[in-house]
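Enquirer: Contents of data-v4.txt (compact mmCIF, C-alpha atoms) are below:
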```
# COMPACT_ATOMS: atom_id res chain seq x y z
CA MET A 1 0.00 0.00 0.00
CA TYR A 2 1.01 3.58 -0.71
CA GLU A 3 -0.08 6.68 1.20
CA CYS A 4 -1.78 7.91 -1.97
CA ASP A 5 -4.10 4.89 -1.88
CA TYR A 6 -6.04 6.27 1.09
CA ASP A 7 -5.03 9.91 1.65
CA ILE A 8 -6.97 13.19 1.31
CA PHE A 9 -4.69 14.31 -1.51
CA ASP A 10 -5.06 11.54 -4.09
CA GLY A 11 -6.68 8.53 -2.47
CA LEU A 12 -9.93 7.09 -1.15
CA SER A 13 -10.35 9.92 1.35
CA ALA A 14 -10.05 12.50 -1.43
CA ILE A 15 -12.75 10.78 -3.49
CA ILE A 16 -15.11 10.48 -0.52
CA ASN A 17 -14.47 14.11 0.37
CA TYR A 18 -15.37 15.09 -3.22
CA PHE A 19 -18.62 13.13 -3.02
CA LEU A 20 -19.47 14.88 0.25
CA SER A 21 -18.46 18.38 -0.87
CA THR A 22 -20.43 18.21 -4.13
CA GLU A 23 -23.34 16.20 -2.66
CA LEU A 24 -22.68 13.59 -5.33
CA TYR A 25 -23.31 11.00 -2.61
CA LYS A 26 -27.04 11.72 -2.98
CA LYS A 27 -27.00 10.60 -6.62
CA LYS A 28 -24.36 7.87 -6.52
CA THR A 29 -25.37 6.17 -3.29
CA ASN A 30 -24.02 2.70 -4.08
CA THR A 31 -20.68 4.07 -5.23
CA PHE A 32 -20.43 6.25 -2.14
CA ASP A 33 -21.30 3.35 0.18
CA ASN A 34 -18.65 1.16 -1.42
CA LEU A 35 -16.02 3.89 -1.15
CA VAL A 36 -16.65 4.39 2.57
CA LYS A 37 -16.74 0.65 3.26
CA ASN A 38 -13.48 0.25 1.35
CA LEU A 39 -11.81 3.00 3.38
CA ILE A 40 -12.95 1.43 6.65
CA ASP A 41 -11.59 -1.92 5.53
CA VAL A 42 -8.25 -0.37 4.50
CA ILE A 43 -7.89 1.36 7.89
CA LEU A 44 -8.61 -1.75 9.95
CA SER A 45 -6.87 -4.33 7.77
CA THR A 46 -3.64 -2.40 7.20
CA GLN A 47 -3.74 -0.07 10.25
CA LEU A 48 -2.47 2.45 7.70
CA MET A 49 1.04 1.04 7.97
CA ILE A 50 3.10 1.91 4.91
CA PRO A 51 5.74 -0.58 3.73
CA VAL A 52 9.21 0.85 4.13
CA LYS A 53 9.90 0.61 0.38
CA HIS A 54 6.92 2.88 -0.31
CA ILE A 55 7.91 5.69 2.08
CA PHE A 56 8.99 8.83 0.24
CA SER A 57 12.57 10.03 0.93
CA ASN A 58 13.02 7.47 3.67
CA ASN A 59 16.44 7.29 5.28
CA ILE A 60 15.56 6.40 8.88
CA PHE A 61 12.95 3.62 8.86
CA GLU A 62 13.73 -0.07 8.54
CA LYS A 63 10.17 -1.34 9.01
CA ASN A 64 6.65 -0.19 8.18
CA ALA A 65 5.67 3.29 9.39
CA ILE A 66 2.50 5.29 9.84
CA ASN A 67 1.91 8.84 8.58
CA PHE A 68 0.28 11.33 10.97
CA SER A 69 -0.29 14.26 8.60
CA LEU A 70 -3.50 15.63 7.08
CA SER A 71 -2.31 15.64 3.48
CA HIS A 72 -0.95 12.10 3.26
CA GLY A 73 -1.61 10.56 6.66
CA MET A 74 -4.25 9.42 9.15
CA ALA A 75 -5.89 12.81 9.58
CA GLY A 76 -7.30 12.64 6.05
CA PRO A 77 -9.31 9.46 6.62
CA LEU A 78 -10.29 10.79 10.06
CA SER A 79 -11.70 13.96 8.49
CA VAL A 80 -13.93 12.12 6.03
CA LEU A 81 -15.13 9.58 8.60
CA THR A 82 -16.09 12.51 10.80
CA LYS A 83 -18.02 14.12 7.94
CA VAL A 84 -19.75 10.85 7.08
CA LEU A 85 -20.87 10.35 10.69
CA ALA A 86 -21.94 14.00 11.02
CA LYS A 87 -24.34 13.45 8.11
CA GLY A 88 -25.96 10.58 9.96
CA PHE A 89 -24.53 7.68 7.96
CA TYR A 90 -23.59 4.44 9.64
CA TYR A 91 -21.39 1.63 8.30
CA LYS A 92 -20.17 -1.53 9.95
CA ASN A 93 -16.93 -0.91 11.91
CA ILE A 94 -16.90 2.83 11.17
CA TYR A 95 -16.61 3.67 14.88
CA GLU A 96 -13.76 1.20 15.28
CA ALA A 97 -11.91 2.76 12.35
CA ARG A 98 -12.40 6.27 13.66
CA ASP A 99 -11.40 5.41 17.22
CA PHE A 100 -8.33 3.52 15.99
CA ILE A 101 -7.08 6.75 14.41
CA ILE A 102 -7.99 8.92 17.40
CA ASN A 103 -6.18 6.58 19.79
CA ASN A 104 -3.09 6.66 17.59
CA TYR A 105 -2.98 10.45 17.92
CA VAL A 106 -3.52 10.33 21.67
CA ASN A 107 -0.80 7.70 22.18
CA ASN A 108 1.80 9.25 19.88
CA SER A 109 1.84 12.96 20.65
CA VAL A 110 5.23 14.52 21.36
CA LEU A 111 6.03 17.30 23.83
CA MET A 112 8.88 19.35 22.35
CA ASP A 113 9.96 22.83 23.45
CA LYS A 114 6.71 23.10 25.44
CA LYS A 115 4.65 22.38 22.30
CA ILE A 116 2.37 19.39 21.79
CA ILE A 117 3.07 18.12 18.27
CA TRP A 118 2.77 14.95 16.24
CA PRO A 119 5.51 13.34 14.16
CA ARG A 120 5.36 13.30 10.37
CA ARG A 121 5.80 9.54 10.44
CA LYS A 122 6.58 6.92 13.07
CA GLU A 123 7.84 3.36 12.99
CA LEU A 124 5.64 1.98 15.75
CA ALA A 125 7.66 -1.20 16.23
CA SER A 126 10.82 0.67 17.20
CA GLY A 127 9.43 4.07 18.20
CA ILE A 128 11.62 5.86 15.61
CA ILE A 129 9.99 9.14 14.59
CA GLU A 130 10.46 11.55 11.70
CA LEU A 131 9.96 15.16 12.76
CA TYR A 132 11.70 17.44 10.22
CA PRO A 133 10.58 20.00 9.36
CA ILE A 134 8.58 20.92 12.47
CA ARG A 135 5.97 23.47 11.42
CA PRO A 136 2.22 23.87 12.09
CA SER A 137 1.28 23.90 8.41
CA TRP A 138 -1.78 22.44 6.66
CA CYS A 139 -0.03 19.52 4.99
CA TYR A 140 2.20 18.03 7.68
CA GLY A 141 1.58 20.25 10.67
CA SER A 142 0.15 19.73 14.13
CA MET A 143 -2.29 22.61 13.61
CA SER A 144 -4.33 20.70 11.01
CA ILE A 145 -4.07 17.47 13.01
CA ALA A 146 -5.40 19.20 16.13
CA MET A 147 -8.30 20.63 14.12
CA GLN A 148 -9.34 17.22 12.74
CA LEU A 149 -8.86 15.54 16.11
CA TYR A 150 -11.10 18.10 17.79
CA LYS A 151 -13.85 17.69 15.16
CA ALA A 152 -13.80 13.91 15.48
CA CYS A 153 -13.95 14.04 19.27
CA GLU A 154 -16.91 16.42 19.22
CA LEU A 155 -18.92 13.48 17.86
CA ASN A 156 -17.64 10.71 20.14
CA ASN A 157 -17.27 12.83 23.31
CA ASN A 158 -13.64 11.84 23.80
CA ASN A 159 -12.75 14.71 26.12
CA ASN A 160 -9.18 13.53 26.64
CA ALA A 161 -8.35 13.72 22.94
CA LYS A 162 -10.38 16.90 22.46
CA ASN A 163 -8.51 18.65 25.25
CA MET A 164 -5.21 17.47 23.76
CA ALA A 165 -6.17 19.06 20.45
CA ILE A 166 -7.00 22.39 22.08
CA GLU A 167 -3.87 22.30 24.20
CA SER A 168 -1.74 21.63 21.12
CA ILE A 169 -2.89 24.91 19.59
CA ARG A 170 -2.57 26.75 22.90
CA THR A 171 1.03 25.60 23.33
CA LEU A 172 1.77 26.95 19.85
CA LYS A 173 0.36 30.28 20.99
CA LYS A 174 3.01 30.40 23.71
CA THR A 175 5.74 30.49 21.08
CA ASN A 176 6.64 33.21 18.60
CA ILE A 177 5.33 32.77 15.06
CA ASN A 178 8.84 33.50 13.80
CA SER A 179 9.96 30.23 15.39
CA TRP A 180 7.43 28.12 13.45
CA ASN A 181 9.68 27.46 10.42
CA MET A 182 7.00 28.94 8.17
CA ASP A 183 8.67 31.48 5.91
CA SER A 184 6.05 30.78 3.26
CA ALA A 185 2.68 32.55 3.19
CA THR A 186 1.02 29.72 1.25
CA VAL A 187 -1.68 27.20 2.17
CA CYS A 188 0.17 23.89 1.95
CA HIS A 189 3.44 24.70 3.70
CA GLY A 190 2.84 28.08 5.25
CA LEU A 191 0.97 30.72 7.13
CA ALA A 192 -2.25 30.67 5.08
CA GLY A 193 -2.83 27.01 5.93
CA ALA A 194 -2.27 27.70 9.62
CA LEU A 195 -4.64 30.68 9.42
CA LEU A 196 -7.37 28.53 7.84
CA CYS A 197 -6.97 25.99 10.66
CA VAL A 198 -7.12 28.64 13.39
CA ASN A 199 -10.10 30.32 11.72
CA ASN A 200 -11.90 26.98 11.50
CA MET A 201 -11.14 26.14 15.13
CA GLY A 202 -12.36 29.59 16.15
CA GLN A 203 -15.76 28.76 14.70
CA MET A 204 -15.98 25.78 17.06
CA VAL A 205 -14.18 27.02 20.16
CA SER A 206 -14.53 30.41 21.83
CA SER A 207 -11.01 31.48 22.74
CA ASP A 208 -9.21 34.80 23.09
CA GLU A 209 -5.97 32.95 22.38
CA LEU A 210 -7.26 31.75 19.01
CA ILE A 211 -8.38 35.27 18.12
CA GLN A 212 -4.91 36.59 18.95
CA VAL A 213 -3.16 33.89 16.89
CA LYS A 214 -5.53 34.58 14.00
CA THR A 215 -4.71 38.30 14.10
CA GLU A 216 -0.97 37.65 14.26
CA LEU A 217 -1.11 35.23 11.34
CA GLU A 218 -3.05 37.72 9.19
CA GLU A 219 -0.49 40.44 9.92
CA GLU A 220 2.40 38.10 9.18
CA ILE A 221 0.87 37.18 5.81
CA TYR A 222 0.39 40.85 4.88
CA ASN A 223 4.03 41.43 5.78
CA LYS A 224 5.10 38.68 3.38
CA CYS A 225 3.49 40.47 0.43
CA SER A 226 6.01 42.26 -1.77
CA LYS A 227 6.03 43.80 -5.24
CA LYS A 228 9.48 42.35 -5.81
CA TYR A 229 7.87 38.89 -6.05
CA LYS A 230 6.28 37.95 -9.36
CA TYR A 231 2.98 36.93 -7.76
CA ARG A 232 3.39 39.06 -4.60
CA PHE A 233 4.06 35.98 -2.41
CA TYR A 234 6.78 33.35 -2.57
CA ASN A 235 6.38 29.71 -1.66
CA TYR A 236 9.19 28.26 0.43
CA ASN A 237 9.42 24.52 0.66
CA PHE A 238 11.63 22.28 2.78
CA LEU A 239 13.07 19.19 1.14
CA PRO A 240 14.62 16.38 3.14
CA PRO A 241 16.92 16.15 4.81
CA SER A 242 17.39 19.86 5.48
CA PHE A 243 17.46 22.30 2.61
CA LYS A 244 14.98 24.95 1.53
CA ILE A 245 13.89 26.03 -1.93
CA SER A 246 11.88 29.09 -2.99
CA GLU A 247 9.33 29.06 -5.79
CA ALA A 248 7.27 31.65 -7.69
CA ASP A 249 3.88 29.96 -7.74
CA ILE A 250 0.39 31.21 -8.56
CA SER A 251 -1.51 28.00 -7.70
CA MET A 252 -4.07 27.49 -4.95
CA LEU A 253 -2.24 25.03 -2.73
CA THR A 254 1.35 26.23 -2.96
CA GLY A 255 0.94 29.67 -4.50
CA SER A 256 -0.42 33.18 -4.25
CA THR A 257 -3.98 32.32 -5.32
CA GLY A 258 -4.46 30.25 -2.18
CA VAL A 259 -3.10 33.06 -0.02
CA ILE A 260 -5.57 35.58 -1.47
CA MET A 261 -8.47 33.12 -1.17
CA THR A 262 -7.52 32.46 2.44
CA LEU A 263 -7.56 36.15 3.32
CA MET A 264 -10.92 36.58 1.55
CA THR A 265 -12.36 33.64 3.50
CA VAL A 266 -11.15 34.89 6.86
CA ILE A 267 -12.15 38.51 6.28
CA SER A 268 -15.63 37.59 5.02
CA ASN A 269 -16.10 35.14 7.92
CA SER A 270 -18.26 32.94 5.70
CA ASN A 271 -18.01 29.50 4.13
CA MET A 272 -16.67 30.01 0.62
CA HIS A 273 -16.72 26.22 0.03
CA TRP A 274 -13.34 26.04 -1.70
CA THR A 275 -11.87 24.97 1.65
CA ASP A 276 -14.01 21.81 1.52
CA ILE A 277 -11.39 20.20 -0.72
CA LEU A 278 -8.82 20.83 2.02
CA ALA A 279 -10.91 18.78 4.49
CA PHE A 280 -12.31 21.75 6.40
```
Translate this structure into structure tokens?
Expert:
Amino acid sequence: MYECDYDIFDGLSAIINYFLSTELYKKKTNTFDNLVKNLIDVILSTQLMIPVKHIFSNNIFEKNAINFSLSHGMAGPLSVLTKVLAKGFYYKNIYEARDFIINNYVNNSVLMDKKIIWPRRKELASGIIELYPIRPSWCYGSMSIAMQLYKACELNNNNNAKNMAIESIRTLKKTNINSWNMDSATVCHGLAGALLCVNNMGQMVSSDELIQVKTELEEEIYNKCSKKYKYRFYNYNFLPPSFKISEADISMLTGSTGVIMTLMTVISNSNMHWTDILAF
């Protein structure tokens, strides 16, 4: 199995999310049912363990590992299972699949520099974890994981996991944004993705801390805008093991279009629906 077989980027979770976002599930009920059942089966039969030979840029794992991210990891399936249950659907073993993922997040959080985070990947057999780069971005960051964990636990009343999700974001608040390794303003790797997560959490949780983080993120994004950049914002990406590249990009996920759409969404304080594809 590859991560792209099940993830929210290319896999089963992405297809289910599309059916939900477009309401195609109302017309293609049998197809939708089979997709959800297949995802549940994949989660429970494989426990989302990726064979070592299928792990991108692997240089630390010797055995199968699990991915904790939203873009390519467990948080993607968790997000669609949460949406499916919120719409009142029930499938055999869906609660077991959801709770398996929740428990993995609860049991594998990491306290580092007073921040509650989750690894990018972990080899459960040995406990070896992959952390670099540590940043609260949409794709591989603890901010998006905390958001999905909170949403899932709202439905199953798992207060322990829900409080962990809130505390993860609060511990980030205690640190300076400049220390987040997020030079990019973009959605996937940068500040816009974090802002979307904080904005979404703020719609569920009343918190002065979230409001302050939201304000700081907006200001930081405005400060990144420059006429010297072709599209006003640059995308900075980290490639393993430790070097950074900069890109002029106009796309939604890793470019300036996504930054502008994020600011429009936050300022308007309304659901502009394009964030549905990002599992919000």
Enquirer: Identify, on the basis of all atoms listed in the file, every residue whose closest approach to region 40-56 of chain A does not exceed 12 Å; exclude the query and any residue fewer than 5 positions from it along the same chain; express the result as a VMD selection string.
Expert: chain A and resid 1 to 7 11 to 13 16 33 to 35 61 to 68 72 to 78 80 to 81 84 90 to 101 103 to 104 120 to 125 130 239 to 241
Enquirer: What would the file look like if the residues just selected were written as a PDB file, in the coordinates of the input with C-alpha atoms?
Expert:
```pdb
ATOM      1  CA  MET A   1       0.000   0.000   0.000  1.00  0.00           C
ATOM      2  CA  TYR A   2       1.010   3.580  -0.710  1.00  0.00           C
ATOM      3  CA  GLU A   3      -0.080   6.680   1.200  1.00  0.00           C
ATOM      4  CA  CYS A   4      -1.780   7.910  -1.970  1.00  0.00           C
ATOM      5  CA  ASP A   5      -4.100   4.890  -1.880  1.00  0.00           C
ATOM      6  CA  TYR A   6      -6.040   6.270   1.090  1.00  0.00           C
ATOM      7  CA  ASP A   7      -5.030   9.910   1.650  1.00  0.00           C
ATOM      8  CA  GLY A  11      -6.680   8.530  -2.470  1.00  0.00           C
ATOM      9  CA  LEU A  12      -9.930   7.090  -1.150  1.00  0.00           C
ATOM     10  CA  SER A  13     -10.350   9.920   1.350  1.00  0.00           C
ATOM     11  CA  ILE A  16     -15.110  10.480  -0.520  1.00  0.00           C
ATOM     12  CA  ASP A  33     -21.300   3.350   0.180  1.00  0.00           C
ATOM     13  CA  ASN A  34     -18.650   1.160  -1.420  1.00  0.00           C
ATOM     14  CA  LEU A  35     -16.020   3.890  -1.150  1.00  0.00           C
ATOM     15  CA  PHE A  61      12.950   3.620   8.860  1.00  0.00           C
ATOM     16  CA  GLU A  62      13.730  -0.070   8.540  1.00  0.00           C
ATOM     17  CA  LYS A  63      10.170  -1.340   9.010  1.00  0.00           C
ATOM     18  CA  ASN A  64       6.650  -0.190   8.180  1.00  0.00           C
ATOM     19  CA  ALA A  65       5.670   3.290   9.390  1.00  0.00           C
ATOM     20  CA  ILE A  66       2.500   5.290   9.840  1.00  0.00           C
ATOM     21  CA  ASN A  67       1.910   8.840   8.580  1.00  0.00           C
ATOM     22  CA  PHE A  68       0.280  11.330  10.970  1.00  0.00           C
ATOM     23  CA  HIS A  72      -0.950  12.100   3.260  1.00  0.00           C
ATOM     24  CA  GLY A  73      -1.610  10.560   6.660  1.00  0.00           C
ATOM     25  CA  MET A  74      -4.250   9.420   9.150  1.00  0.00           C
ATOM     26  CA  ALA A  75      -5.890  12.810   9.580  1.00  0.00           C
ATOM     27  CA  GLY A  76      -7.300  12.640   6.050  1.00  0.00           C
ATOM     28  CA  PRO A  77      -9.310   9.460   6.620  1.00  0.00           C
ATOM     29  CA  LEU A  78     -10.290  10.790  10.060  1.00  0.00           C
ATOM     30  CA  VAL A  80     -13.930  12.120   6.030  1.00  0.00           C
ATOM     31  CA  LEU A  81     -15.130   9.580   8.600  1.00  0.00           C
ATOM     32  CA  VAL A  84     -19.750  10.850   7.080  1.00  0.00           C
ATOM     33  CA  TYR A  90     -23.590   4.440   9.640  1.00  0.00           C
ATOM     34  CA  TYR A  91     -21.390   1.630   8.300  1.00  0.00           C
ATOM     35  CA  LYS A  92     -20.170  -1.530   9.950  1.00  0.00           C
ATOM     36  CA  ASN A  93     -16.930  -0.910  11.910  1.00  0.00           C
ATOM     37  CA  ILE A  94     -16.900   2.830  11.170  1.00  0.00           C
ATOM     38  CA  TYR A  95     -16.610   3.670  14.880  1.00  0.00           C
ATOM     39  CA  GLU A  96     -13.760   1.200  15.280  1.00  0.00           C
ATOM     40  CA  ALA A  97     -11.910   2.760  12.350  1.00  0.00           C
ATOM     41  CA  ARG A  98     -12.400   6.270  13.660  1.00  0.00           C
ATOM     42  CA  ASP A  99     -11.400   5.410  17.220  1.00  0.00           C
ATOM     43  CA  PHE A 100      -8.330   3.520  15.990  1.00  0.00           C
ATOM     44  CA  ILE A 101      -7.080   6.750  14.410  1.00  0.00           C
ATOM     45  CA  ASN A 103      -6.180   6.580  19.790  1.00  0.00           C
ATOM     46  CA  ASN A 104      -3.090   6.660  17.590  1.00  0.00           C
ATOM     47  CA  ARG A 120       5.360  13.300  10.370  1.00  0.00           C
ATOM     48  CA  ARG A 121       5.800   9.540  10.440  1.00  0.00           C
ATOM     49  CA  LYS A 122       6.580   6.920  13.070  1.00  0.00           C
ATOM     50  CA  GLU A 123       7.840   3.360  12.990  1.00  0.00           C
ATOM     51  CA  LEU A 124       5.640   1.980  15.750  1.00  0.00           C
ATOM     52  CA  ALA A 125       7.660  -1.200  16.230  1.00  0.00           C
ATOM     53  CA  GLU A 130      10.460  11.550  11.700  1.00  0.00           C
ATOM     54  CA  LEU A 239      13.070  19.190   1.140  1.00  0.00           C
ATOM     55  CA  PRO A 240      14.620  16.380   3.140  1.00  0.00           C
ATOM     56  CA  PRO A 241      16.920  16.150   4.810  1.00  0.00           C
TER      57      PRO A 241
END
```
Enquirer: Would you be able to write out as a PDB file with C-alpha atoms, in the frame of the given file which residues have an atom within 7 Å of (2.9, 33.3, 2.0) in the file's coordinates, counting only C-alpha atoms?
Expert:
```pdb
ATOM      1  CA  SER A 184       6.050  30.780   3.260  1.00  0.00           C
ATOM      2  CA  ALA A 185       2.680  32.550   3.190  1.00  0.00           C
ATOM      3  CA  THR A 186       1.020  29.720   1.250  1.00  0.00           C
ATOM      4  CA  GLY A 190       2.840  28.080   5.250  1.00  0.00           C
ATOM      5  CA  LEU A 191       0.970  30.720   7.130  1.00  0.00           C
ATOM      6  CA  ALA A 192      -2.250  30.670   5.080  1.00  0.00           C
ATOM      7  CA  ILE A 221       0.870  37.180   5.810  1.00  0.00           C
ATOM      8  CA  LYS A 224       5.100  38.680   3.380  1.00  0.00           C
ATOM      9  CA  PHE A 233       4.060  35.980  -2.410  1.00  0.00           C
ATOM     10  CA  TYR A 234       6.780  33.350  -2.570  1.00  0.00           C
ATOM     11  CA  ASN A 235       6.380  29.710  -1.660  1.00  0.00           C
ATOM     12  CA  VAL A 259      -3.100  33.060  -0.020  1.00  0.00           C
TER      13      VAL A 259
END
```
Enquirer: Quick one: residues within 12 Å of (-17.8, 30.3, 7.3) (file frame), counting all atoms listed in the file, please, as a list of chain:residue names.
Expert: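 Answer for this query, in the requested form: A:Leu196, A:Asn199, A:Asn200, A:Met201, A:Gly202, A:Gln203, A:Met204, A:Thr262, A:Met264, A:Thr265, A:Val266, A:Ile267, A:Ser268, A:Asn269, A:Ser270, A:Asn271, A:Met272, A:His273, A:Trp274, A:Thr275, A:Asp276, A:Phe280.
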Enquirer: Taking only C-alpha atoms into account, name the residue in A:Ala194, A:Leu155, A:Ala248, A:Ile260 that is nearest to Tyr231 (chain A).
Expert: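 Closest to Tyr231 (chain A), using only C-alpha atoms: A:Ala248.
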Enquirer: Restricting the calculation to all atoms listed in the file, which member of A:Asp183, A:Ala165, A:Ser71, A:Met252 is positioned closest to Asp10 (chain A)?
Expert: A:Ser71
Enquirer: Quote the spacing between CA of Leu195 (chain A) and CA of Ser137 (chain A) in Å to one decimal place.
Expert: 9.1 Å
Enquirer: I'd like the interatomic distance between CA of Leu172 (chain A) and CA of Lys115 (chain A), to a tenth of an Å.
Expert: 5.9 Å
Enquirer: What separation in Å, quoted to one decimal, exists between CA of Gly193 (chain A) and CA of Met143 (chain A)?
Expert: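 These atoms are spaced 8.9 Å apart.
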Enquirer: What lies within 9 Å of His189 (chain A) using all atoms listed in the file, ignoring chain neighbours under 6 positions off, as a ChimeraX atom specification?
Expert: /A:135-141,182-183,235-238,253-254
Enquirer: Of the residues A:Ala86, A:Ile169, A:Ile177, A:Leu70, which is the one nearest to Ile117 (chain A), using all atoms listed in the file?
Expert: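 Looking at the shortest contact to Ile117 (chain A), the residue is A:Ile169.
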